[in-house]
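Take a look at the structure set out below.
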Amino acid sequence: MSDKAVYQGLCSICGKKGEFAPREGYGTRDSYLCPHCRASLRWRDQAALILDEFGRGLSISLANLVASGRLDTIDILEPALKGPFVNAFRNLPRYVRTYYWPEKALGEKDANGVRNEDITRLTFADDSFDLVITSDVIEHVYDYKAAFAEILRVLKPGGIHVFSIPTDWPLPEISEARVRVVDGVEEHVKPARYHISGDGTPCIVYTDFGADLIDVIDAQGRSRSQAVRRHSALDPCYRTATFVTRKLR
Ligand SMILES: [Zn+2]
């Protein structure tokens with residue numbers, strides 16, 4: 001297959017079948033939208049991992065998993081204002097959504113029930129969540145090691161963190177800073193790169209992650225992490241990696 005290949009598939013989020021195609025002007029992971037629910041490859045790959053963990057082999061899609069009630073007793077944390085998981089999970093009784101507004105008090109909720117949280121110093125108790133999802137969030141956190149340590153702290157033993165970060169395959173060996181902070185001032189090590197955040201404002205990318213990230217996360221010996229490629233047989237979708245960290249019991 002060429003880089004312009006399309007494929008017939010099943011969406012892990014809405015559960016419908018259709019043709020998945022590249023998207024002009026977008027990288028592979030943000031392309032191959034579901035023709036029905038419009039979720040891109042990286043969202044669908046994360047959903048597939050969540051399905052495998054909590055579906056018990058009974059659900060073919062996230063929509064079905066939610067409808068089955070099997071997520072009603074699962075404590076889920078997602079820092080996000082929008083996205084396919086917000087849409088699918090927003091009415092679940094134990095789904096907690098957060099966002100970081102530096103000017104507001106930590107732990108405070110807005111009118112939509114979104115809690116203000118700094119991912120490097122969460123206000124949740126230890127061992128609070130079965131599932132934490134961060135979709136293209138961590139690259140925007142300067143102290144990402146603190147973020148991973150906090151996520152691990154609030155995960156229940158046996159719980160998982162499913163996450164995406166911008167990467168290509170194979171991963172570079174070593175993570176590289178795009179920005180460093182010297183005496184409280186941000187200095188660009190690489191050309192400034194921004195993504196549009198959930199509230200529509202530009203958000204700087206601090207780090208280009210490499211394979212050493214796995215060692216960084218698991219350094220405390222409390223977790224086991226993997227880079228998983230759900231579309232490993234499909235060119236060019238095999239380049240999209242999703243990450244999963246399990247907190248050891
Ligand atoms: Zn879909």
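Going by the structure tokens order, chains are called A, B, ..., each with residues numbered from 1, while ligands are numbered from 1 in the order shown.
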
Inset, instruction - Check which residues fall inside 7 Å of ligand 1 when counting only C-alpha atoms and all ligand atoms, and print them as a list in words. - result: Cys11, Ser12, Ile13, Cys14, Gly15, Lys16, Cys34, Pro35, His36, Cys37, Arg38 and Ala39 of chain A

Output file for the selection above: C-alpha atoms, as a JSON list (two decimals), in the first residue's frame:
```
[["chain", "number", "residue", "atom", "x", "y", "z"],
["A", 11, "CYS", "CA", -14.41, 2.29, 14.52],
["A", 12, "SER", "CA", -13.48, 1.43, 18.10],
["A", 13, "ILE", "CA", -15.43, 4.46, 19.32],
["A", 14, "CYS", "CA", -18.81, 4.45, 17.52],
["A", 15, "GLY", "CA", -18.67, 0.81, 16.40],
["A", 16, "LYS", "CA", -19.64, 1.52, 12.79],
["A", 34, "CYS", "CA", -14.03, 7.61, 11.17],
["A", 35, "PRO", "CA", -16.54, 8.43, 8.40],
["A", 36, "HIS", "CA", -19.33, 8.35, 10.99],
["A", 37, "CYS", "CA", -18.07, 9.90, 14.27],
["A", 38, "ARG", "CA", -15.02, 11.72, 12.83],
["A", 39, "ALA", "CA", -12.59, 10.34, 15.41]]
```

Legend entry - Nearby residues (only C-alpha atoms) at most 12 Å from range 27-33 of chain A, same-chain spacing under 4 positions excluded, as a ChimeraX atom specification: /A:3-14,17-23,37-46,84,135-136,164-169,229-231,234-242

Write the residues of the preceding selection, restricted to N, CA and C atoms, as a short mmCIF file (atom, residue, chain, number, x, y, z; two decimals), in the first residue's frame.
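The resulting file, selection-v2.cif, is shown below:
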```cif
data_model
loop_
_atom_site.label_atom_id
_atom_site.label_comp_id
_atom_site.auth_asym_id
_atom_site.auth_seq_id
_atom_site.Cartn_x
_atom_site.Cartn_y
_atom_site.Cartn_z
N ASP A 3 1.36 5.52 0.76
CA ASP A 3 1.00 6.43 1.84
C ASP A 3 -0.41 6.98 1.66
N LYS A 4 -0.98 6.82 0.48
CA LYS A 4 -2.32 7.36 0.23
C LYS A 4 -3.39 6.29 0.36
N ALA A 5 -3.01 5.13 0.94
CA ALA A 5 -3.94 4.01 1.00
C ALA A 5 -5.14 4.33 1.88
N VAL A 6 -6.26 3.79 1.52
CA VAL A 6 -7.43 3.82 2.39
C VAL A 6 -7.66 2.38 2.86
N TYR A 7 -8.42 2.20 3.92
CA TYR A 7 -8.73 0.85 4.35
C TYR A 7 -10.15 0.77 4.88
N GLN A 8 -10.70 -0.44 4.81
CA GLN A 8 -12.02 -0.72 5.36
C GLN A 8 -11.83 -1.15 6.80
N GLY A 9 -12.59 -0.57 7.70
CA GLY A 9 -12.38 -0.94 9.09
C GLY A 9 -13.60 -0.69 9.94
N LEU A 10 -13.39 -0.90 11.25
CA LEU A 10 -14.45 -0.73 12.22
C LEU A 10 -13.97 0.28 13.26
N CYS A 11 -14.80 1.23 13.58
CA CYS A 11 -14.41 2.29 14.52
C CYS A 11 -14.56 1.79 15.95
N SER A 12 -13.46 1.90 16.71
CA SER A 12 -13.48 1.43 18.10
C SER A 12 -14.28 2.36 19.00
N ILE A 13 -14.67 3.52 18.49
CA ILE A 13 -15.43 4.46 19.32
C ILE A 13 -16.94 4.34 19.06
N CYS A 14 -17.36 4.50 17.79
CA CYS A 14 -18.81 4.45 17.52
C CYS A 14 -19.27 3.05 17.12
N LYS A 17 -18.85 0.50 10.76
CA LYS A 17 -17.86 0.13 9.75
C LYS A 17 -17.82 1.19 8.67
N GLY A 18 -16.67 1.30 8.00
CA GLY A 18 -16.57 2.27 6.92
C GLY A 18 -15.17 2.31 6.34
N GLU A 19 -14.97 3.30 5.48
CA GLU A 19 -13.69 3.48 4.81
C GLU A 19 -12.90 4.58 5.52
N PHE A 20 -11.69 4.24 5.91
CA PHE A 20 -10.83 5.18 6.61
C PHE A 20 -9.76 5.67 5.64
N ALA A 21 -9.64 6.98 5.53
CA ALA A 21 -8.79 7.55 4.48
C ALA A 21 -7.86 8.61 5.06
N PRO A 22 -6.70 8.84 4.38
CA PRO A 22 -5.82 9.91 4.82
C PRO A 22 -6.54 11.26 4.70
N ARG A 23 -5.99 12.25 5.37
CA ARG A 23 -6.61 13.57 5.40
C ARG A 23 -5.56 14.56 4.97
N CYS A 37 -18.20 9.05 13.08
CA CYS A 37 -18.07 9.90 14.27
C CYS A 37 -16.91 10.87 14.17
N ARG A 38 -16.11 10.78 13.11
CA ARG A 38 -15.02 11.72 12.83
C ARG A 38 -13.82 11.59 13.75
N ALA A 39 -13.75 10.52 14.53
CA ALA A 39 -12.59 10.34 15.41
C ALA A 39 -11.37 9.93 14.59
N SER A 40 -10.23 10.57 14.86
CA SER A 40 -9.01 10.25 14.12
C SER A 40 -8.33 9.01 14.70
N LEU A 41 -7.29 8.60 14.01
CA LEU A 41 -6.60 7.34 14.35
C LEU A 41 -6.13 7.32 15.80
N ARG A 42 -5.54 8.41 16.28
CA ARG A 42 -4.98 8.36 17.63
C ARG A 42 -6.06 8.21 18.71
N TRP A 43 -7.22 8.79 18.48
CA TRP A 43 -8.33 8.61 19.42
C TRP A 43 -8.84 7.18 19.38
N ARG A 44 -8.98 6.64 18.19
CA ARG A 44 -9.51 5.28 18.06
C ARG A 44 -8.56 4.25 18.64
N ASP A 45 -7.26 4.51 18.50
CA ASP A 45 -6.28 3.58 19.08
C ASP A 45 -6.33 3.62 20.61
N GLN A 46 -6.50 4.78 21.17
CA GLN A 46 -6.63 4.87 22.64
C GLN A 46 -7.92 4.17 23.09
N PRO A 84 -13.58 12.96 21.71
CA PRO A 84 -14.45 11.78 21.65
C PRO A 84 -14.73 11.16 23.02
N SER A 135 -4.79 12.73 26.29
CA SER A 135 -4.63 12.72 24.83
C SER A 135 -3.92 13.98 24.38
N ASP A 136 -2.67 13.83 24.02
CA ASP A 136 -1.86 14.97 23.58
C ASP A 136 -1.90 16.11 24.60
N SER A 164 -1.71 9.54 24.62
CA SER A 164 -1.06 9.80 23.33
C SER A 164 -0.20 11.05 23.47
N ILE A 165 0.90 11.03 22.75
CA ILE A 165 1.78 12.19 22.61
C ILE A 165 2.22 12.20 21.15
N PRO A 166 2.58 13.35 20.62
CA PRO A 166 3.01 13.35 19.22
C PRO A 166 4.31 12.56 19.05
N THR A 167 4.26 11.49 18.27
CA THR A 167 5.47 10.70 18.00
C THR A 167 5.37 10.15 16.59
N ASP A 168 6.49 9.70 16.10
CA ASP A 168 6.52 8.94 14.86
C ASP A 168 7.11 7.58 15.23
N TRP A 169 7.06 6.64 14.30
CA TRP A 169 7.62 5.31 14.57
C TRP A 169 8.71 5.02 13.56
N ARG A 229 1.12 -0.36 19.24
CA ARG A 229 0.70 0.07 17.91
C ARG A 229 -0.47 -0.80 17.47
N ARG A 230 -1.65 -0.24 17.55
CA ARG A 230 -2.87 -0.97 17.24
C ARG A 230 -3.03 -1.25 15.75
N HIS A 231 -2.43 -0.41 14.91
CA HIS A 231 -2.55 -0.60 13.46
C HIS A 231 -1.20 -1.05 12.88
N LEU A 234 -0.91 -1.98 9.10
CA LEU A 234 -1.46 -1.08 8.08
C LEU A 234 -0.51 0.08 7.80
N ASP A 235 -0.07 0.19 6.56
CA ASP A 235 0.79 1.28 6.14
C ASP A 235 -0.10 2.46 5.71
N PRO A 236 0.08 3.67 6.20
CA PRO A 236 1.13 4.14 7.11
C PRO A 236 0.68 4.21 8.56
N CYS A 237 -0.47 3.59 8.89
CA CYS A 237 -1.02 3.74 10.25
C CYS A 237 -0.17 3.07 11.32
N TYR A 238 0.71 2.15 10.90
CA TYR A 238 1.57 1.47 11.87
C TYR A 238 2.47 2.44 12.63
N ARG A 239 2.62 3.65 12.11
CA ARG A 239 3.50 4.63 12.76
C ARG A 239 2.89 5.23 14.02
N THR A 240 1.60 5.04 14.21
CA THR A 240 0.94 5.67 15.35
C THR A 240 1.05 4.78 16.59
N ALA A 241 1.74 5.31 17.60
CA ALA A 241 1.89 4.57 18.86
C ALA A 241 0.98 5.19 19.93
N THR A 242 0.39 4.33 20.72
CA THR A 242 -0.37 4.75 21.90
C THR A 242 0.36 4.19 23.11
#
```

Inset, instruction - Might you pull out every residue within 6 Å of Arg224 in chain A, with only C-alpha atoms counted and same-chain residues fewer than 2 positions away left off, and present them as an NGL selection string? - result: :A and (218 or 245-246)

Inset, instruction - Return the single residue from A:Asp212, A:Asp143, A:Glu187, A:Asp199 that is closest to Glu173 in chain A, with distances computed using only C-alpha atoms. - result: A:Asp212

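With only C-alpha atoms taken into account, the protein and nucleic acid residues at most 7 Å from range 95-107 of chain A (excluding it and anything under 6 positions from it in its own chain) are Asp75, Ile76, Leu77, Glu78, Pro79, Ala80, Leu81, Phe89, Val114, Arg115, Asn116, Glu117, Asp118 and Thr123 of chain A.
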
Inset, instruction - Using DSSP on the backbone coordinates, identify the residues of range 33-127 of chain A assigned to alpha helix (DSSP H); present them as a ChimeraX atom specification. - result: /A:41-54,62-68,84-89

Could those residues be written to a file, using N, CA and C atoms, as a compact mmCIF listing (two decimals), in the first residue's frame?
```
# COMPACT_ATOMS: atom_id res chain seq x y z
N LEU A 41 -7.29 8.60 14.01
CA LEU A 41 -6.60 7.34 14.35
C LEU A 41 -6.13 7.32 15.80
N ARG A 42 -5.54 8.41 16.28
CA ARG A 42 -4.98 8.36 17.63
C ARG A 42 -6.06 8.21 18.71
N TRP A 43 -7.22 8.79 18.48
CA TRP A 43 -8.33 8.61 19.42
C TRP A 43 -8.84 7.18 19.38
N ARG A 44 -8.98 6.64 18.19
CA ARG A 44 -9.51 5.28 18.06
C ARG A 44 -8.56 4.25 18.64
N ASP A 45 -7.26 4.51 18.50
CA ASP A 45 -6.28 3.58 19.08
C ASP A 45 -6.33 3.62 20.61
N GLN A 46 -6.50 4.78 21.17
CA GLN A 46 -6.63 4.87 22.64
C GLN A 46 -7.92 4.17 23.09
N ALA A 47 -8.99 4.38 22.34
CA ALA A 47 -10.27 3.74 22.68
C ALA A 47 -10.14 2.22 22.66
N ALA A 48 -9.36 1.71 21.70
CA ALA A 48 -9.19 0.26 21.59
C ALA A 48 -8.53 -0.32 22.85
N LEU A 49 -7.57 0.43 23.40
CA LEU A 49 -6.91 -0.04 24.62
C LEU A 49 -7.87 -0.02 25.81
N ILE A 50 -8.71 1.01 25.86
CA ILE A 50 -9.69 1.12 26.95
C ILE A 50 -10.70 -0.03 26.85
N LEU A 51 -11.12 -0.32 25.61
CA LEU A 51 -12.05 -1.44 25.37
C LEU A 51 -11.45 -2.76 25.84
N ASP A 52 -10.19 -2.98 25.52
CA ASP A 52 -9.55 -4.24 25.89
C ASP A 52 -9.46 -4.37 27.40
N GLU A 53 -9.25 -3.25 28.08
CA GLU A 53 -9.07 -3.28 29.53
C GLU A 53 -10.39 -3.49 30.27
N PHE A 54 -11.43 -2.80 29.80
CA PHE A 54 -12.67 -2.77 30.58
C PHE A 54 -13.84 -3.48 29.90
N LEU A 62 -16.55 1.68 22.07
CA LEU A 62 -16.69 2.46 23.29
C LEU A 62 -18.16 2.81 23.54
N ALA A 63 -18.89 3.09 22.46
CA ALA A 63 -20.31 3.42 22.60
C ALA A 63 -21.05 2.26 23.25
N ASN A 64 -20.74 1.05 22.82
CA ASN A 64 -21.37 -0.13 23.39
C ASN A 64 -20.94 -0.36 24.84
N LEU A 65 -19.65 -0.11 25.10
CA LEU A 65 -19.13 -0.29 26.45
C LEU A 65 -19.83 0.66 27.43
N VAL A 66 -20.01 1.90 27.00
CA VAL A 66 -20.72 2.87 27.85
C VAL A 66 -22.16 2.41 28.08
N ALA A 67 -22.82 2.01 27.00
CA ALA A 67 -24.22 1.58 27.09
C ALA A 67 -24.38 0.34 27.96
N SER A 68 -23.35 -0.50 28.02
CA SER A 68 -23.43 -1.74 28.79
C SER A 68 -23.46 -1.50 30.29
N PRO A 84 -13.58 12.96 21.71
CA PRO A 84 -14.45 11.78 21.65
C PRO A 84 -14.73 11.16 23.02
N PHE A 85 -13.75 11.21 23.95
CA PHE A 85 -14.00 10.60 25.26
C PHE A 85 -14.91 11.49 26.11
N VAL A 86 -14.77 12.79 25.98
CA VAL A 86 -15.70 13.70 26.66
C VAL A 86 -17.12 13.41 26.18
N ASN A 87 -17.28 13.28 24.87
CA ASN A 87 -18.60 13.01 24.30
C ASN A 87 -19.17 11.68 24.78
N ALA A 88 -18.31 10.67 24.83
CA ALA A 88 -18.79 9.33 25.19
C ALA A 88 -19.01 9.17 26.70
N PHE A 89 -18.19 9.86 27.50
CA PHE A 89 -18.16 9.59 28.95
C PHE A 89 -18.89 10.63 29.80
```

Legend entry - Shortest interatomic distance to Arg153 in chain A - which of A:Ala219, A:Ala233, A:Leu71, A:Ala125, counting only C-alpha atoms: A:Ala125

Inset, instruction - Excluding His140 in chain A and any residue of its chain fewer than 3 positions from it, enumerate the residues within 6 Å of it, using only C-alpha atoms, and give them as a PyMOL selection string. - result: chain A and resi 137+204-206

Could you dump the residues just selected with N, CA and C atoms as a PDB file, in the first residue's frame?
```
ATOM      1  N   VAL A 137      -1.624  15.742  25.824  1.00  0.00           N
ATOM      2  CA  VAL A 137      -1.590  16.713  26.923  1.00  0.00           C
ATOM      3  C   VAL A 137      -0.158  16.890  27.442  1.00  0.00           C
ATOM      4  N   ILE A 204       2.092  25.843  23.946  1.00  0.00           N
ATOM      5  CA  ILE A 204       3.419  25.493  23.444  1.00  0.00           C
ATOM      6  C   ILE A 204       3.771  24.022  23.715  1.00  0.00           C
ATOM      7  N   VAL A 205       4.523  23.418  22.802  1.00  0.00           N
ATOM      8  CA  VAL A 205       5.022  22.048  22.979  1.00  0.00           C
ATOM      9  C   VAL A 205       6.397  22.143  23.639  1.00  0.00           C
ATOM     10  N   TYR A 206       6.543  21.545  24.819  1.00  0.00           N
ATOM     11  CA  TYR A 206       7.794  21.645  25.563  1.00  0.00           C
ATOM     12  C   TYR A 206       8.801  20.555  25.211  1.00  0.00           C
TER      13      TYR A 206
END
```

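Across the model, the gap from CA of Asp72 in chain A to CA of Arg90 in chain A is 11.5 Å.
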
Inset, instruction - Determine which residues of range 137-180 of chain A DSSP labels as strand (DSSP E or B) from the backbone of this structure, then write them out as number ranges by chain. - result: A: 155-164, 176-177, 179-180

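Minimum atom-to-atom distances from A:Pro93, A:Ser197, A:Asn112, A:Ile217 to Glu150 in chain A were compared using only C-alpha atoms, and the lowest value belongs to A:Ile217.
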
Legend entry - Shell around Leu131 in chain A at 6 Å using only C-alpha atoms, local window under 6 positions removed, as a PyMOL selection string: chain A and resi 76+159-161

Export of prior selection with N, CA, C and O atoms as a PDB file, in the first residue's frame:
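Everything below was put into out-v5.pdb:
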```pdb
ATOM      1  N   ILE A  76     -12.722   7.349  36.401  1.00  0.00           N
ATOM      2  CA  ILE A  76     -11.967   7.805  35.229  1.00  0.00           C
ATOM      3  C   ILE A  76     -11.597   9.272  35.397  1.00  0.00           C
ATOM      4  O   ILE A  76     -12.435  10.087  35.770  1.00  0.00           O
ATOM      5  N   GLY A 159      -4.514  -0.014  38.129  1.00  0.00           N
ATOM      6  CA  GLY A 159      -5.135   0.929  37.189  1.00  0.00           C
ATOM      7  C   GLY A 159      -4.190   1.299  36.055  1.00  0.00           C
ATOM      8  O   GLY A 159      -2.980   1.051  36.129  1.00  0.00           O
ATOM      9  N   ILE A 160      -4.766   1.903  35.015  1.00  0.00           N
ATOM     10  CA  ILE A 160      -3.930   2.229  33.848  1.00  0.00           C
ATOM     11  C   ILE A 160      -4.060   3.702  33.432  1.00  0.00           C
ATOM     12  O   ILE A 160      -5.098   4.329  33.602  1.00  0.00           O
ATOM     13  N   HIS A 161      -2.964   4.190  32.874  1.00  0.00           N
ATOM     14  CA  HIS A 161      -2.927   5.500  32.218  1.00  0.00           C
ATOM     15  C   HIS A 161      -2.770   5.240  30.724  1.00  0.00           C
ATOM     16  O   HIS A 161      -1.772   4.660  30.287  1.00  0.00           O
TER      17      HIS A 161
END
```

Legend entry - Exercise: Thr207 in chain A partners within 8 Å, only C-alpha atoms, chain neighbours under 3 positions left out, as a count of residues only: 8

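Computed from the coordinates, the CA of Tyr144 in chain A to CA of Ile119 in chain A distance equals 8.9 Å.
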